[in-house]
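Worksheet: one structure, shown below.
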Amino acid sequence: VQELDFKTLFPATRELVFLNAGSFGPQLQPAVDAYQNQLRKDLNRGRLAPLHDAEYFADLEQVRVRLARLLGTQAEHIALMSSTTDGLNLALASIDWRSGDQIVTSPLEHPGALNPIRACARRFGLSVVEAHIGLGNSQLDQRQIAEAVTDKTRAVVLSHVSWRTGAVLDVEGIGEILRRHENAHGRPIDFVVDGAQSVGAMSVDPSTTFADFYCFPGQKWLCGPAGTGGMFVAERILRHRRPSIVSYVSPAHDRSAAIFEVPGVSWNRPALVSLERTLEWIENQVGWDRVYRTTRRLSASLQKNLRAIADVEVLTPHDAHAGLVVFRHRRMPAEELTRALMEKKIYIRDIPGTQFNRVATGFFNNEAEIEQLTSLVRGI
Ligand SMILES: Cc1ncc(COP(=O)(O)O)c(C=O)c1O
């Protein structure tokens with residue numbers, strides 16, 4: 001395998017031991033160069049001038065194609081989004097809610113999902129049920145979901161990887177339960193998956209999950225710019241659903257996921273060009289298999305190291321994780337630990353309202369960095 005100089009290619013990883021791709025990934029130098037080049041081109045020749053407009057739409061399509069390849073699907077199933085939350089909002093807003101309908105979710109969800117759920121619940125008089133899924137124990141989780149779903153359930157919203165525990169949920173198994181329930185009761189249940197902590201950290205193929213909508217960010221594990229992201233939309237939704245929130249070019253995209261894109265023609269093209277450049281670079285220079293393998297291997301190493309420290313409790317399950325490791329130091333408050341590590345140029349985070357810290361191991365990290373973090377935590 002060709003050795004890449006990640007420290008030069010991702011300048012932020014030279015400044016810091018960068019272990020927080022779960023919030024914002026480090027940006028890639030050639031992708032930021034592409035951003036600046038596009039900005040300069042737009043400045044010098046205008047943004048949607050005749051002769052250049054075909055190129056502009058081709059750029060947008062190229063991003064959909066690249067994201068589709070990442071998720072093992074076709075571009076017609078990908079809508080560009082400005083964030084994960086953007087997709088979650090638009091997915092939920094497209095449902096023909098009736099008063100009394102129920103949304104099943106879990107206590108482990110991020111406000112990016114919970115707030116859109118609550119907004120729909122208030123507006124349409126829905127009830128929200130939190131299924132007590134645990135830490136990636138797939139049989140237990142499936143049972144909890146099966147018990148929570150009733151003939152009033154109209155949507156189920158769950159994260160593929162929990163931002164609070166790092167556990168990977170068996171969305172394939174849960175999706176199957178939902179389809180079975182749907183068939184038995186003759187009433188559709190939209191399965192909306194929050195992929196903020198999965199896409200780019202582990203191999204994801206939404207078509208195997210029975211997800212109707214699978215929402216993900218560009219700025220986290222994919223290391224793209226802020227204001228980018230995507231949403232996979234399943235075939236059965238594309239066939240029958242019309243979104244409630246539309247752009248003035250939406251009809252042009254009939255029958256493709258792009259009907260869910262609200263900016264219409266007003267995209268931040270430099271950001272999208274930059275995301276595409278990042279994805280192309282990772283795909284060709286690193287390879288997604290290597291990305292997922294390294295992410296998981298470093299996470300597993302860190303878990304093992306932390307579990308050997310008497311004062312540390314690791315919350316993330318050892319057998320159902322991707323790139324997040326969530327832990328608690330029994331003698332040091334989480335915020336204080338985040339700050340103490342940052343003073344040593346090690347960048348992790350804590351989870352607000354809890355006593356837990358969270359580490360995200362990326363493909364650009366290495367074992368030496370995991371050892372560095374471990375030895376500082378051990379020394380507390
Ligand atoms: C699980 C989860 N969902 C949603 C979000 C919100 O993501 P975004 O900023 O892309 O909307 C985050 C992260 O901030 C997250 O971890």
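Every chain in the structure tokens has a letter given in the order shown (A, B, ...), and although residue numbers restart at 1 in each chain, ligands are simply numbered from 1 in the order shown.
Based on only C-alpha atoms and all ligand atoms, the protein and nucleic acid residues found within 7 Å of ligand 1 are, by chain and then by number, Gly22, Ser23, Ser83, Thr84, Thr85, Asp86, Glu109, His110, Pro111, Gly112, Ala113, Ser159, Val161, Ser162, Trp163, Asp194, Gly195, Ala196, Gln197, Phe216, Pro217 and Gly229 of chain A.
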Apply DSSP to the structure's backbone, then extract all residues of segment 26-179 of chain A labelled helix (DSSP H, G or I) and return them as a ChimeraX atom specification. /A:29-45,53-70,75-77,84-93,111-124,138-148,171-179
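The residues of segment 122-227 of chain A that DSSP classifies as strand (DSSP E), using the backbone of this structure, are Ser127, Val128, Val129, Glu130, Thr153, Arg154, Ala155, Val156, Val157, Leu158, Ser159, Asp190, Phe191, Val192, Val193, Asp194, Phe213, Tyr214, Cys215, Phe216 and Pro217 of chain A.
Put simply, atom CA of Trp221 of chain A is 18.3 Å away from atom CA of Val65 of chain A.
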Pick out the closest residue to Cys215 of chain A from this set: A:Ser106, A:Val192, A:Asn284, A:Ala58. Count only C-alpha atoms. A:Val192
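Every protein or nucleic acid residue with an atom no more than 12 Å from Glu182 of chain A, counting only C-alpha atoms and leaving out same-chain residues fewer than 5 positions away, appears here: Ala146, Val149, Thr150, Asp151, Lys152, Thr153, Arg154, Ala155, Val156, Gly175, Glu176, Ile177, Arg187, Pro188, Ile189, Asp190, Phe191 and Phe210 of chain A.
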Neighbours of Lys41 of chain A within 12 Å (only C-alpha atoms; same-chain residues fewer than 5 positions away dropped), as a PyMOL selection string? chain A and resi 34-36+46-49+52+56+269-270
All heavy atoms of the current selection, written as a short mmCIF file (atom, residue, chain, number, x, y, z; two decimals), in the first residue's frame:
data_model
loop_
_atom_site.label_atom_id
_atom_site.label_comp_id
_atom_site.auth_asym_id
_atom_site.auth_seq_id
_atom_site.Cartn_x
_atom_site.Cartn_y
_atom_site.Cartn_z
N ALA A 34 -9.40 23.19 -4.38
CA ALA A 34 -10.48 23.12 -5.38
C ALA A 34 -11.60 24.10 -5.03
O ALA A 34 -12.18 24.74 -5.91
CB ALA A 34 -11.03 21.69 -5.47
N TYR A 35 -11.88 24.23 -3.73
CA TYR A 35 -12.90 25.18 -3.25
C TYR A 35 -12.49 26.60 -3.69
O TYR A 35 -13.28 27.34 -4.29
CB TYR A 35 -12.97 25.10 -1.73
CG TYR A 35 -14.19 25.74 -1.09
CD1 TYR A 35 -15.14 24.96 -0.45
CD2 TYR A 35 -14.37 27.12 -1.11
CE1 TYR A 35 -16.25 25.53 0.16
CE2 TYR A 35 -15.49 27.70 -0.51
CZ TYR A 35 -16.42 26.90 0.12
OH TYR A 35 -17.52 27.46 0.72
N GLN A 36 -11.23 26.93 -3.40
CA GLN A 36 -10.76 28.29 -3.71
C GLN A 36 -10.73 28.54 -5.21
O GLN A 36 -11.07 29.63 -5.67
CB GLN A 36 -9.38 28.51 -3.10
CG GLN A 36 -9.47 28.64 -1.58
CD GLN A 36 -8.12 28.71 -0.90
OE1 GLN A 36 -7.17 28.07 -1.34
NE2 GLN A 36 -8.05 29.47 0.17
N GLY A 46 -18.68 35.00 -13.36
CA GLY A 46 -20.10 34.90 -13.00
C GLY A 46 -20.44 33.46 -12.69
O GLY A 46 -19.67 32.56 -12.97
N ARG A 47 -21.63 33.26 -12.12
CA ARG A 47 -21.90 31.94 -11.58
C ARG A 47 -22.78 31.04 -12.43
O ARG A 47 -22.68 29.85 -12.34
CB ARG A 47 -22.47 32.08 -10.16
CG ARG A 47 -21.38 32.41 -9.18
CD ARG A 47 -21.91 32.69 -7.81
NE ARG A 47 -22.57 33.99 -7.76
CZ ARG A 47 -23.09 34.49 -6.67
NH1 ARG A 47 -23.05 33.82 -5.55
NH2 ARG A 47 -23.65 35.67 -6.70
N LEU A 48 -23.68 31.59 -13.19
CA LEU A 48 -24.50 30.69 -14.00
C LEU A 48 -24.68 31.31 -15.38
O LEU A 48 -25.79 31.44 -15.89
CB LEU A 48 -25.86 30.42 -13.32
CG LEU A 48 -26.66 29.23 -13.86
CD1 LEU A 48 -25.93 27.92 -13.65
CD2 LEU A 48 -28.03 29.18 -13.22
N ALA A 49 -23.57 31.69 -15.98
CA ALA A 49 -23.64 32.38 -17.27
C ALA A 49 -23.86 31.37 -18.40
O ALA A 49 -23.46 30.22 -18.28
CB ALA A 49 -22.34 33.14 -17.49
N HIS A 52 -21.72 28.22 -19.58
CA HIS A 52 -21.14 27.53 -18.42
C HIS A 52 -22.19 26.77 -17.62
O HIS A 52 -21.86 26.05 -16.71
CB HIS A 52 -20.45 28.52 -17.48
CG HIS A 52 -19.35 29.26 -18.12
ND1 HIS A 52 -18.30 28.63 -18.75
CD2 HIS A 52 -19.11 30.58 -18.24
CE1 HIS A 52 -17.48 29.54 -19.23
NE2 HIS A 52 -17.95 30.74 -18.95
N TYR A 56 -22.11 23.57 -14.71
CA TYR A 56 -22.57 23.71 -13.33
C TYR A 56 -23.46 22.51 -12.94
O TYR A 56 -23.24 21.88 -11.91
CB TYR A 56 -23.34 25.03 -13.20
CG TYR A 56 -24.06 25.26 -11.89
CD1 TYR A 56 -23.35 25.60 -10.74
CD2 TYR A 56 -25.44 25.13 -11.79
CE1 TYR A 56 -24.01 25.81 -9.53
CE2 TYR A 56 -26.11 25.33 -10.59
CZ TYR A 56 -25.39 25.68 -9.47
OH TYR A 56 -26.04 25.88 -8.28
N ARG A 269 -21.64 26.07 -4.99
CA ARG A 269 -20.88 25.21 -5.89
C ARG A 269 -19.45 24.95 -5.39
O ARG A 269 -18.98 23.80 -5.46
CB ARG A 269 -20.87 25.83 -7.29
CG ARG A 269 -20.18 24.97 -8.33
CD ARG A 269 -20.19 25.70 -9.66
NE ARG A 269 -19.69 24.91 -10.75
CZ ARG A 269 -19.57 25.36 -11.99
NH1 ARG A 269 -19.94 26.61 -12.26
NH2 ARG A 269 -19.10 24.61 -12.94
N PRO A 270 -18.73 25.95 -4.89
CA PRO A 270 -17.37 25.66 -4.41
C PRO A 270 -17.37 24.56 -3.34
O PRO A 270 -16.50 23.68 -3.36
CB PRO A 270 -16.90 26.99 -3.83
CG PRO A 270 -17.69 28.03 -4.56
CD PRO A 270 -19.04 27.41 -4.80
#
